[in-house]
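**Q** Hey, dropping entry-v6.csv in here, CSV, C-alpha atoms and all ligand atoms:
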```
chain,number,residue,atom,x,y,z
A,1207,MET,CA,66.4,9.6,29.5
A,1208,ALA,CA,66.4,6.3,27.6
A,1209,LYS,CA,67.9,5.0,24.4
A,1210,ALA,CA,65.2,4.2,21.9
A,1211,ALA,CA,65.0,3.1,18.3
A,1212,ILE,CA,62.9,5.7,16.5
A,1213,LEU,CA,61.3,5.5,13.1
A,1214,HIS,CA,61.3,9.1,11.7
A,1215,ARG,CA,60.4,8.4,8.1
A,1216,TYR,CA,59.0,5.3,6.3
A,1217,GLY,CA,61.6,3.3,4.5
A,1218,GLU,CA,64.5,4.6,6.5
A,1219,PRO,CA,66.5,2.7,9.1
A,1220,LEU,CA,65.6,3.2,12.8
A,1221,ALA,CA,67.6,5.9,14.6
A,1222,VAL,CA,68.8,4.9,18.1
A,1223,GLU,CA,68.6,8.1,20.1
A,1224,ASP,CA,68.0,9.5,23.6
A,1225,VAL,CA,64.3,10.1,24.4
A,1226,GLU,CA,62.7,11.5,27.4
A,1227,VAL,CA,60.3,9.1,29.1
A,1228,ALA,CA,57.7,10.6,31.3
A,1229,GLY,CA,56.5,8.9,34.5
A,1230,PRO,CA,53.4,6.8,34.5
A,1231,LYS,CA,50.0,8.5,34.9
A,1232,ARG,CA,47.0,7.0,36.6
A,1233,GLY,CA,46.5,3.4,35.6
A,1234,GLU,CA,49.9,3.2,33.9
A,1235,VAL,CA,53.2,1.5,34.6
A,1236,LYS,CA,56.8,2.2,33.7
A,1237,VAL,CA,58.7,-0.8,32.5
A,1238,LYS,CA,62.5,-1.3,32.2
A,1239,LEU,CA,62.8,-3.4,29.1
A,1240,LYS,CA,65.2,-6.4,29.2
A,1241,ALA,CA,64.4,-8.0,25.8
A,1242,ALA,CA,62.3,-7.3,22.7
A,1243,GLY,CA,61.6,-9.4,19.6
A,1244,LEU,CA,61.7,-8.2,16.0
A,1245,CYS,CA,58.4,-8.9,14.5
A,1246,HIS,CA,57.1,-8.6,10.9
A,1247,SER,CA,54.5,-6.1,12.1
A,1248,ASP,CA,57.3,-3.7,13.1
A,1249,TRP,CA,58.8,-4.3,9.6
A,1250,HIS,CA,55.5,-3.5,8.0
A,1251,VAL,CA,55.4,-0.1,9.7
A,1252,ILE,CA,59.0,0.6,8.7
A,1253,GLN,CA,58.1,0.0,5.1
A,1254,GLY,CA,55.0,2.2,5.4
A,1255,GLN,CA,52.5,-0.6,4.9
A,1256,LEU,CA,50.7,0.1,8.2
A,1257,PRO,CA,50.4,3.9,8.3
A,1258,LEU,CA,50.9,5.4,11.7
A,1259,PRO,CA,51.9,8.8,13.1
A,1260,LEU,CA,55.6,9.5,13.1
A,1261,PRO,CA,58.1,9.6,14.7
A,1262,ILE,CA,57.3,6.4,16.6
A,1263,VAL,CA,59.1,3.9,18.8
A,1264,LEU,CA,58.3,0.5,17.4
A,1265,GLY,CA,58.5,-2.9,19.2
A,1266,HIS,CA,55.6,-4.7,20.8
A,1267,GLU,CA,57.1,-8.2,21.7
A,1268,GLY,CA,58.8,-7.1,25.0
A,1269,ALA,CA,59.6,-8.3,28.5
A,1270,GLY,CA,61.1,-6.4,31.4
A,1271,ILE,CA,60.7,-5.3,35.0
A,1272,VAL,CA,58.2,-2.9,36.5
A,1273,GLU,CA,60.1,0.2,37.5
A,1274,GLU,CA,57.3,2.5,38.7
A,1275,VAL,CA,53.5,2.3,38.9
A,1276,GLY,CA,51.0,5.1,38.6
A,1277,GLU,CA,48.1,5.9,40.9
A,1278,GLY,CA,45.4,3.3,41.2
A,1279,VAL,CA,47.4,0.4,39.7
A,1280,THR,CA,46.5,-2.9,41.3
A,1281,SER,CA,47.4,-5.8,39.0
A,1282,VAL,CA,51.1,-5.3,39.0
A,1283,GLN,CA,53.8,-4.1,41.4
A,1284,VAL,CA,57.3,-2.5,41.2
A,1285,GLY,CA,59.8,-5.3,40.7
A,1286,ASP,CA,57.4,-7.7,38.9
A,1287,HIS,CA,58.6,-9.4,35.7
A,1288,VAL,CA,56.2,-8.6,33.0
A,1289,VAL,CA,55.5,-9.3,29.3
A,1290,LEU,CA,54.0,-6.5,27.3
A,1291,ASN,CA,50.5,-7.1,25.9
A,1292,TRP,CA,49.9,-5.2,22.7
A,1293,VAL,CA,46.1,-5.7,22.9
A,1294,PRO,CA,45.5,-4.0,26.2
A,1295,SER,CA,41.8,-4.7,26.3
A,1296,CYS,CA,39.4,-2.4,28.1
A,1297,GLY,CA,37.1,-4.9,29.7
A,1298,ARG,CA,34.1,-2.8,28.9
A,1299,CYS,CA,33.4,-2.8,25.1
A,1300,ARG,CA,31.0,-5.3,23.5
A,1301,TRP,CA,34.0,-7.6,22.5
A,1302,CYS,CA,35.5,-7.6,25.9
A,1303,ARG,CA,32.1,-8.2,27.5
A,1304,THR,CA,31.4,-11.2,25.2
A,1305,GLY,CA,34.7,-13.0,25.8
A,1306,ARG,CA,36.7,-11.6,22.9
A,1307,PRO,CA,39.4,-9.4,24.4
A,1308,ASP,CA,41.5,-10.0,21.3
A,1309,LEU,CA,39.0,-7.9,19.3
A,1310,CYS,CA,38.8,-5.1,21.9
A,1311,GLU,CA,37.6,-1.9,20.3
A,1312,GLU,CA,39.6,0.4,22.6
A,1313,ALA,CA,42.8,-1.6,21.9
A,1314,ALA,CA,42.1,-1.4,18.1
A,1315,ARG,CA,41.7,2.4,18.4
A,1316,LEU,CA,45.1,2.7,20.1
A,1317,THR,CA,46.7,0.6,17.3
A,1318,ALA,CA,45.8,3.4,14.9
A,1319,THR,CA,46.6,6.4,17.1
A,1320,GLY,CA,50.0,5.2,18.4
A,1321,THR,CA,49.1,6.7,21.8
A,1322,LEU,CA,48.0,5.6,25.3
A,1323,LEU,CA,44.4,5.8,26.4
A,1324,ASP,CA,44.4,9.6,27.1
A,1325,GLY,CA,45.5,10.3,23.5
A,1326,THR,CA,49.0,11.3,24.5
A,1327,THR,CA,52.3,9.4,24.7
A,1328,ARG,CA,55.1,9.3,27.3
A,1329,PHE,CA,58.0,9.6,24.8
A,1330,TRP,CA,59.6,12.9,23.9
A,1331,TRP,CA,62.5,13.6,21.5
A,1332,LYS,CA,63.9,17.1,21.1
A,1333,GLY,CA,60.6,18.5,22.5
A,1334,LYS,CA,58.5,16.6,20.0
A,1335,THR,CA,55.9,13.9,20.8
A,1336,VAL,CA,57.1,10.4,19.8
A,1337,TYR,CA,54.4,7.8,19.3
A,1338,GLN,CA,54.4,4.3,20.8
A,1339,PHE,CA,53.5,1.3,18.6
A,1340,LEU,CA,50.7,-0.8,19.9
A,1341,THR,CA,51.0,1.2,23.2
A,1342,ALA,CA,54.2,-0.8,23.8
A,1343,GLY,CA,57.1,1.1,22.2
A,1344,ALA,CA,59.3,-1.8,23.2
A,1345,PHE,CA,62.4,-0.8,21.3
A,1346,SER,CA,63.3,1.5,24.2
A,1347,GLU,CA,65.2,1.0,27.5
A,1348,TYR,CA,62.1,2.3,29.3
A,1349,THR,CA,58.5,2.5,28.3
A,1350,VAL,CA,55.2,3.5,29.9
A,1351,VAL,CA,52.1,1.4,29.1
A,1352,PRO,CA,48.6,0.9,30.5
A,1353,GLU,CA,48.4,-1.4,33.5
A,1354,GLN,CA,46.6,-4.0,31.4
A,1355,ALA,CA,49.5,-4.0,28.9
A,1356,ALA,CA,52.0,-5.3,31.5
A,1357,ILE,CA,51.2,-8.9,32.4
A,1358,PRO,CA,53.1,-10.3,35.4
A,1359,ILE,CA,54.8,-13.6,34.9
A,1360,ARG,CA,56.9,-16.1,36.8
A,1361,ARG,CA,60.4,-14.9,37.5
A,1362,ASP,CA,62.4,-18.0,36.6
A,1363,VAL,CA,62.3,-17.7,32.8
A,1364,PRO,CA,64.8,-15.7,30.8
A,1365,PHE,CA,63.5,-12.4,29.5
A,1366,GLU,CA,64.4,-13.3,25.9
A,1367,VAL,CA,62.0,-16.2,26.1
A,1368,ALA,CA,59.3,-14.3,28.0
A,1369,ALA,CA,59.4,-11.6,25.3
A,1370,LEU,CA,58.6,-14.1,22.6
A,1371,VAL,CA,55.4,-15.1,24.4
A,1372,GLY,CA,54.1,-11.6,24.0
A,1373,CYS,CA,53.6,-11.9,20.2
A,1374,SER,CA,54.9,-14.8,18.2
A,1375,VAL,CA,54.1,-17.6,20.7
A,1376,ILE,CA,50.6,-16.4,21.7
A,1377,THR,CA,49.8,-15.7,18.1
A,1378,GLY,CA,51.0,-19.0,16.7
A,1379,VAL,CA,50.1,-21.4,19.5
A,1380,GLY,CA,46.8,-19.6,20.0
A,1381,ALA,CA,45.9,-19.8,16.3
A,1382,ALA,CA,46.3,-23.6,16.6
A,1383,ILE,CA,44.7,-24.1,20.0
A,1384,HIS,CA,42.1,-21.3,20.3
A,1385,THR,CA,41.1,-20.4,16.8
A,1386,ALA,CA,41.4,-23.7,14.9
A,1387,GLN,CA,41.0,-25.9,18.0
A,1388,VAL,CA,43.2,-28.6,16.3
A,1389,ARG,CA,41.9,-32.0,17.2
A,1390,PRO,CA,44.1,-35.0,18.1
A,1391,GLY,CA,44.9,-37.1,15.0
A,1392,SER,CA,44.2,-34.3,12.5
A,1393,THR,CA,46.2,-33.1,9.6
A,1394,VAL,CA,47.7,-29.6,9.4
A,1395,ALA,CA,49.6,-27.4,6.9
A,1396,VAL,CA,51.5,-24.3,8.0
A,1397,VAL,CA,52.6,-21.8,5.2
A,1398,GLY,CA,55.4,-19.7,6.5
A,1399,ALA,CA,58.1,-20.8,8.9
A,1400,GLY,CA,58.9,-17.7,10.8
A,1401,GLY,CA,58.4,-16.8,14.5
A,1402,VAL,CA,54.6,-17.3,14.2
A,1403,GLY,CA,54.7,-20.3,11.9
A,1404,PHE,CA,57.0,-22.3,14.2
A,1405,ASN,CA,54.6,-21.7,17.0
A,1406,ILE,CA,51.6,-22.8,15.0
A,1407,ILE,CA,53.6,-26.0,14.2
A,1408,GLN,CA,54.4,-26.6,17.9
A,1409,GLY,CA,50.8,-25.6,18.9
A,1410,ALA,CA,49.4,-28.1,16.4
A,1411,ALA,CA,51.8,-30.8,17.6
A,1412,LEU,CA,50.9,-30.1,21.2
A,1413,ALA,CA,47.2,-30.5,20.3
A,1414,GLY,CA,47.9,-34.0,18.9
A,1415,ALA,CA,47.9,-33.5,15.2
A,1416,LYS,CA,49.2,-36.6,13.5
A,1417,GLN,CA,50.6,-34.8,10.4
A,1418,VAL,CA,52.0,-31.3,10.3
A,1419,ILE,CA,53.3,-30.1,7.0
A,1420,ALA,CA,55.6,-27.1,7.1
A,1421,VAL,CA,55.8,-24.9,3.9
A,1422,ASP,CA,58.5,-22.4,3.4
A,1423,VAL,CA,61.3,-21.4,1.0
A,1424,VAL,CA,64.4,-21.7,3.3
A,1425,ASP,CA,65.7,-25.2,3.6
A,1426,GLU,CA,67.5,-24.6,7.0
A,1427,LYS,CA,64.3,-23.3,8.6
A,1428,LEU,CA,62.3,-26.2,7.1
A,1429,ALA,CA,64.8,-28.6,8.6
A,1430,ALA,CA,64.4,-26.9,12.0
A,1431,THR,CA,60.6,-27.3,11.9
A,1432,LYS,CA,61.0,-31.0,12.4
A,1433,THR,CA,62.2,-30.5,16.0
A,1434,PHE,CA,59.1,-28.4,16.6
A,1435,GLY,CA,56.7,-31.2,15.5
A,1436,ALA,CA,56.5,-30.9,11.7
A,1437,THR,CA,56.2,-34.4,10.1
A,1438,HIS,CA,56.7,-33.2,6.5
A,1439,THR,CA,58.3,-30.2,4.8
A,1440,VAL,CA,57.6,-28.6,1.4
A,1441,ASN,CA,60.0,-26.1,-0.2
A,1442,ALA,CA,57.6,-23.8,-2.1
A,1443,ARG,CA,60.5,-22.6,-4.3
A,1444,GLU,CA,61.1,-26.2,-5.6
A,1445,GLU,CA,57.6,-27.5,-6.0
A,1446,ASP,CA,54.0,-26.3,-6.2
A,1447,ALA,CA,53.1,-26.1,-2.5
A,1448,VAL,CA,49.4,-26.8,-2.9
A,1449,SER,CA,49.9,-29.9,-5.1
A,1450,ALA,CA,52.6,-31.1,-2.6
A,1451,VAL,CA,50.2,-30.8,0.3
A,1452,LEU,CA,47.4,-32.6,-1.6
A,1453,ASP,CA,49.9,-35.4,-2.5
A,1454,LEU,CA,50.8,-35.8,1.1
A,1455,THR,CA,47.1,-36.1,2.1
A,1456,ASP,CA,45.9,-38.6,-0.5
A,1457,GLY,CA,44.5,-35.8,-2.6
A,1458,LEU,CA,42.2,-34.7,0.2
A,1459,GLY,CA,43.9,-31.6,1.6
A,1460,VAL,CA,44.4,-31.0,5.3
A,1461,ASP,CA,41.9,-30.5,8.1
A,1462,TYR,CA,43.5,-27.2,9.1
A,1463,ALA,CA,45.6,-24.9,6.9
A,1464,PHE,CA,47.4,-21.8,8.3
A,1465,GLU,CA,48.9,-18.9,6.6
A,1466,ALA,CA,51.6,-17.1,8.6
A,1467,ILE,CA,53.3,-14.8,6.0
A,1468,GLY,CA,50.8,-12.1,5.2
A,1469,ARG,CA,50.7,-12.4,1.4
A,1470,PRO,CA,47.5,-12.7,-0.6
A,1471,GLU,CA,48.9,-15.5,-2.8
A,1472,THR,CA,50.0,-17.6,0.1
A,1473,MET,CA,46.6,-17.0,1.8
A,1474,ALA,CA,44.9,-18.4,-1.3
A,1475,ASP,CA,47.3,-21.3,-1.2
A,1476,ALA,CA,46.4,-22.1,2.4
A,1477,TYR,CA,42.7,-22.0,1.5
A,1478,ASN,CA,43.4,-24.4,-1.4
A,1479,MET,CA,45.4,-26.8,0.9
A,1480,ALA,CA,42.4,-27.3,3.2
A,1481,ARG,CA,40.1,-30.3,2.6
A,1482,LYS,CA,36.4,-30.0,1.9
A,1483,GLY,CA,34.8,-28.9,5.1
A,1484,GLY,CA,38.2,-28.1,6.5
A,1485,MET,CA,39.4,-24.8,8.0
A,1486,THR,CA,41.8,-22.2,6.9
A,1487,VAL,CA,43.2,-19.7,9.4
A,1488,ILE,CA,44.9,-16.5,8.2
A,1489,VAL,CA,47.4,-15.3,10.8
A,1490,GLY,CA,49.8,-13.3,8.6
A,1491,ILE,CA,49.3,-9.6,8.3
A,1492,ALA,CA,48.9,-8.2,4.8
A,1493,ALA,CA,48.8,-4.5,3.9
A,1494,PRO,CA,45.4,-2.9,4.5
A,1495,HIS,CA,44.6,-2.5,0.7
A,1496,GLU,CA,45.3,-6.0,-0.4
A,1497,THR,CA,42.6,-8.6,-1.4
A,1498,VAL,CA,42.7,-12.4,-1.8
A,1499,GLY,CA,41.6,-14.3,-4.9
A,1500,ILE,CA,39.6,-17.4,-4.0
A,1501,ASN,CA,37.6,-19.5,-6.4
A,1502,ALA,CA,34.0,-18.4,-5.9
A,1503,PHE,CA,32.4,-21.8,-6.7
A,1504,SER,CA,34.5,-23.5,-4.1
A,1505,LEU,CA,33.1,-21.4,-1.3
A,1506,PRO,CA,29.7,-23.1,-1.2
A,1507,SER,CA,30.6,-26.4,-2.9
A,1508,GLN,CA,33.6,-27.2,-0.6
A,1509,ALA,CA,32.1,-25.6,2.5
A,1510,LYS,CA,35.4,-24.7,4.0
A,1511,THR,CA,35.7,-22.4,7.0
A,1512,LEU,CA,37.9,-19.4,6.3
A,1513,THR,CA,38.7,-17.4,9.3
A,1514,GLY,CA,41.4,-15.2,10.8
A,1515,SER,CA,43.3,-15.1,14.1
A,1516,TRP,CA,44.5,-12.0,15.9
A,1517,LEU,CA,46.7,-12.4,19.0
A,1518,GLY,CA,45.9,-16.1,18.7
A,1519,GLN,CA,42.4,-15.3,19.9
A,1520,GLY,CA,44.1,-15.2,23.3
A,1521,ASN,CA,43.6,-13.5,26.6
A,1522,PRO,CA,47.1,-12.4,27.7
A,1523,PRO,CA,46.6,-12.3,31.5
A,1524,VAL,CA,45.6,-15.9,31.3
A,1525,ASP,CA,47.6,-17.1,28.4
A,1526,TYR,CA,51.0,-15.6,29.0
A,1527,PRO,CA,51.5,-17.4,32.3
A,1528,LYS,CA,50.0,-20.6,30.9
A,1529,LEU,CA,52.4,-20.6,27.9
A,1530,LEU,CA,55.4,-19.9,30.2
A,1531,ASP,CA,54.2,-22.8,32.4
A,1532,LEU,CA,54.2,-25.0,29.3
A,1533,TYR,CA,57.7,-23.8,28.5
A,1534,ALA,CA,58.9,-24.5,32.0
A,1535,ALA,CA,57.4,-28.0,31.8
A,1536,GLY,CA,59.4,-28.7,28.6
A,1537,LYS,CA,56.3,-28.8,26.4
A,1538,LEU,CA,57.0,-25.6,24.4
A,1539,LYS,CA,60.4,-25.0,22.8
A,1540,LEU,CA,61.2,-21.3,23.0
A,1541,GLU,CA,65.0,-20.9,23.1
A,1542,PRO,CA,65.5,-22.5,19.7
A,1543,LEU,CA,63.2,-19.8,18.2
A,1544,ILE,CA,65.9,-17.2,18.9
A,1545,SER,CA,68.2,-17.2,15.9
A,1546,ALA,CA,70.1,-14.1,16.8
A,1547,VAL,CA,70.5,-11.6,19.6
A,1548,TYR,CA,71.3,-8.0,18.9
A,1549,SER,CA,72.0,-4.9,21.0
A,1550,LEU,CA,69.6,-2.0,20.5
A,1551,GLU,CA,72.3,-0.2,18.4
A,1552,GLN,CA,72.3,-3.3,16.1
A,1553,ILE,CA,68.6,-3.2,15.5
A,1554,ASN,CA,68.8,-2.4,11.8
A,1555,ASP,CA,71.0,-5.5,11.3
A,1556,GLY,CA,68.2,-7.4,12.9
A,1557,PHE,CA,65.6,-6.1,10.5
A,1558,ALA,CA,67.9,-6.8,7.6
A,1559,ALA,CA,68.1,-10.4,8.7
A,1560,LEU,CA,64.3,-10.4,9.1
A,1561,LYS,CA,63.9,-9.1,5.6
A,1562,SER,CA,66.1,-11.8,4.1
A,1563,GLY,CA,64.1,-14.4,6.0
A,1564,GLN,CA,67.2,-16.0,7.6
A,1565,ASN,CA,66.1,-15.7,11.3
A,1566,ILE,CA,63.2,-17.5,13.0
A,1567,ARG,CA,63.3,-14.7,15.5
A,1568,GLY,CA,65.8,-12.0,16.2
A,1569,ILE,CA,65.8,-10.4,19.6
A,1570,ILE,CA,67.1,-7.3,21.2
A,1571,ARG,CA,68.8,-7.7,24.5
A,1572,PHE,CA,69.0,-4.4,26.4
A,1573,ALA,CA,72.3,-3.4,28.1
A,1574,GLU,CA,72.3,-3.6,31.9
A,1601,ZN,ZN,54.3,-9.1,16.5
A,1602,ZN,ZN,37.4,-3.8,25.1
```
Do you think you could lay out the structure here as structure tokens?

**A**
Amino acid sequence: MAKAAILHRYGEPLAVEDVEVAGPKRGEVKVKLKAAGLCHSDWHVIQGQLPLPLPIVLGHEGAGIVEEVGEGVTSVQVGDHVVLNWVPSCGRCRWCRTGRPDLCEEAARLTATGTLLDGTTRFWWKGKTVYQFLTAGAFSEYTVVPEQAAIPIRRDVPFEVAALVGCSVITGVGAAIHTAQVRPGSTVAVVGAGGVGFNIIQGAALAGAKQVIAVDVVDEKLAATKTFGATHTVNAREEDAVSAVLDLTDGLGVDYAFEAIGRPETMADAYNMARKGGMTVIVGIAAPHETVGINAFSLPSQAKTLTGSWLGQGNPPVDYPKLLDLYAAGKLKLEPLISAVYSLEQINDGFAALKSGQNIRGIIRFAE
């Protein structure tokens, strides 16, 4: 038995209840969760914007300790500290074989089914199957995931910090470093100062950007972006964000513009903030039916690159340990990203704070 936060119906609060957790099958591991972050993607599911089978255990930004391993598991052992990887790539599909595990076909399939590889899950509630979001199901004291979804990490970092690396840090830092490949001396704008936006900012600063403009609507968060490497801030509630960014760049626009909210309007804003020949990277997740309005003439005449970034175009087995090494070396700030810590029972308070935009990141700390 384990306590888990279950979504039974869209739009309703999560219910913290006892679930049965089966043991790991071949190639799977059972993880005792120590910490799990509250991400906008979980919130999208709660609101019904990313339709998935219900009931489901949400949570995908998690860290914990391996409790049990199934037959044939070789990459991780009982007692290892691990960060969950919500894109457990198969290593065999055309994307994996061509160096893009972030786009793995098999992992994308599991995103839609809410199951593990064999089409079943390891959670049961009152005799009913409970699905697991992104194979992780991290809002549970215990979960069972594919071996490739549990990435071993160094043991000297706090679990709260390690959990962040599993989604917001790899997504944000990766978007700056892998997708945009921000160059030293370049100019950057980041629309949206949440868990991901802060990490794009510090990723861009780490890559040597000379100007990093943070755009948000909450003054306290904008002030905090300065300690992560933002050089300028724009409150989009007080001024037109696109004009403000153009003013700060002599009318040119930035070399790289990032959107980390997931709204069509702010995606178009980010595109309009990029200079001619510059790059716009969409990181925020919009609902599947939404479209973005972009001036059609500008597409050829301004020759901008418009792209997206999923999981920061990263490779978790390589990137999670590397990001935690950067943290340990003092080059990535992770503790200050944690605005509030909740117990599993308080999870709905955490989502209320996420909805109001007051937290950079809220995190669940599991009881011992
Ligand atoms: Zn996430
Ligand atoms: Zn694959």

**Q** I'd like the neighbourhood of A:Gly1409 as a VMD selection string, where a residue qualifies if any of its atoms comes within 12 Å (using all atoms listed in the file), though same-chain residues fewer than 4 positions away should be ignored.

**A** chain A and resid 1374 to 1390 1394 1396 1402 to 1405 1413 to 1415 1418 1434 to 1436 1464 1518 1529 1532 to 1533 1537 to 1540

**Q** Suppose you want the space between atom CA of A:Thr1455 and atom CA of A:Ile1467; what is it in Å?

**A** 22.5 Å

**Q** Hey, which residues sit close to ligand ZN 1602 (chain A)? Say within 7 Å, counting only C-alpha atoms and all ligand atoms, and write them as an NGL selection string.

**A** :A and (1295-1302 or 1307 or 1310-1313)

**Q** Show me which residues line ligand ZN 1601 (chain A), defined as having an atom within 8 Å of a ligand atom where all atoms listed in the file count, and present them as a list in words.

**A**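 The residues within 8 Å of ligand ZN 1601 (chain A), counting all atoms listed in the file, are Gly1243, Leu1244, Cys1245, His1246, Ser1247, Asp1248, Gly1265, His1266, Glu1267, Gly1372, Cys1373 and Ser1374 of chain A.
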
**Q** Which residue, A:Leu1239, A:Ile1500, A:Val1460, A:Ala1318, has the smallest gap to A:Thr1393 when you use all atoms listed in the file?

**A**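 Checking each of A:Leu1239, A:Ile1500, A:Val1460, A:Ala1318 against A:Thr1393, counting all atoms listed in the file, the winner is A:Val1460.
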
**Q** Could you pull the residues within 12 Å of A:Pro1523, counting only C-alpha atoms, minus those fewer than 5 positions along the same chain, as a CSV table (one decimal) with C-alpha atoms, in the frame of the given file?

**A**
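Generated output (out_21.csv):
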```
chain,number,residue,atom,x,y,z
A,1281,SER,CA,47.4,-5.8,39.0
A,1282,VAL,CA,51.1,-5.3,39.0
A,1288,VAL,CA,56.2,-8.6,33.0
A,1289,VAL,CA,55.5,-9.3,29.3
A,1290,LEU,CA,54.0,-6.5,27.3
A,1291,ASN,CA,50.5,-7.1,25.9
A,1292,TRP,CA,49.9,-5.2,22.7
A,1293,VAL,CA,46.1,-5.7,22.9
A,1294,PRO,CA,45.5,-4.0,26.2
A,1295,SER,CA,41.8,-4.7,26.3
A,1307,PRO,CA,39.4,-9.4,24.4
A,1308,ASP,CA,41.5,-10.0,21.3
A,1353,GLU,CA,48.4,-1.4,33.5
A,1354,GLN,CA,46.6,-4.0,31.4
A,1355,ALA,CA,49.5,-4.0,28.9
A,1356,ALA,CA,52.0,-5.3,31.5
A,1357,ILE,CA,51.2,-8.9,32.4
A,1358,PRO,CA,53.1,-10.3,35.4
A,1359,ILE,CA,54.8,-13.6,34.9
A,1371,VAL,CA,55.4,-15.1,24.4
A,1372,GLY,CA,54.1,-11.6,24.0
A,1376,ILE,CA,50.6,-16.4,21.7
A,1528,LYS,CA,50.0,-20.6,30.9
A,1529,LEU,CA,52.4,-20.6,27.9
A,1530,LEU,CA,55.4,-19.9,30.2
```

**Q** Give the padded box for stretch 1468-1486 of chain A as AutoDock Vina command-line options: axis-aligned, covering all atoms listed in the file, 3 Å on each side, centre and edge lengths in Å to one decimal.

**A**
```
--center_x 42.8 --center_y -21.2 --center_z 2.6 --size_x 22.0 --size_y 24.2 --size_z 16.8
```

**Q** Go through A:Leu1454, A:Ile1262, A:Ala1480, A:Ala1535 and flag the residue nearest A:Lys1334, using only C-alpha atoms for the distances.

**A** A:Ile1262
